[in-house]
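Step one of this worksheet: look at the structure below.
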Amino acid sequence: MTESKELSTLINQSLALIDQIQKHPDFHAVEYSPDLTLGDAQQALLELHWQTLPQSQPIKNFSLQNLTT
């Protein structure tokens with residue numbers, strides 16, 4: 001599935017960008033209190049990724065570090 005592979009790549013890139021935003025000093029300096037957090041965005045992307053996995057492919061264990069809540 002070429003489309004799923006491309007979607008998976010986009011999801012991974014998005015997760016990496018969110019991680020960079022979370023760690024950026026300018027982000028920490030901003031007084032920002034949204035209803036949804038960057039951690040919520042990460043969770044949504046991970047759930048989307050799970051939906052794109054073939055049924056026979058097991059889900060690998062992973063860890064999200066430095067989540068903001």
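Quick note on naming: the chains in the structure tokens go A, B, ... in the order shown, residues restart at 1 in each chain, and ligands are numbered from 1 in order of appearance.
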
Would you pick out the contacts of range 8-15 of chain A at 9 Å or less, using only C-alpha atoms, so that residues sharing its chain but fewer than 6 positions from it are not included, and give the list as a VMD selection string?
chain A and resid 41 to 42 45 to 46 48 to 49 52 to 53

With distances taken over only C-alpha atoms, which residue among A:Val30, A:Asp40, A:Gln55, A:Glu47 lies nearest Ile18 in chain A?
A:Asp40
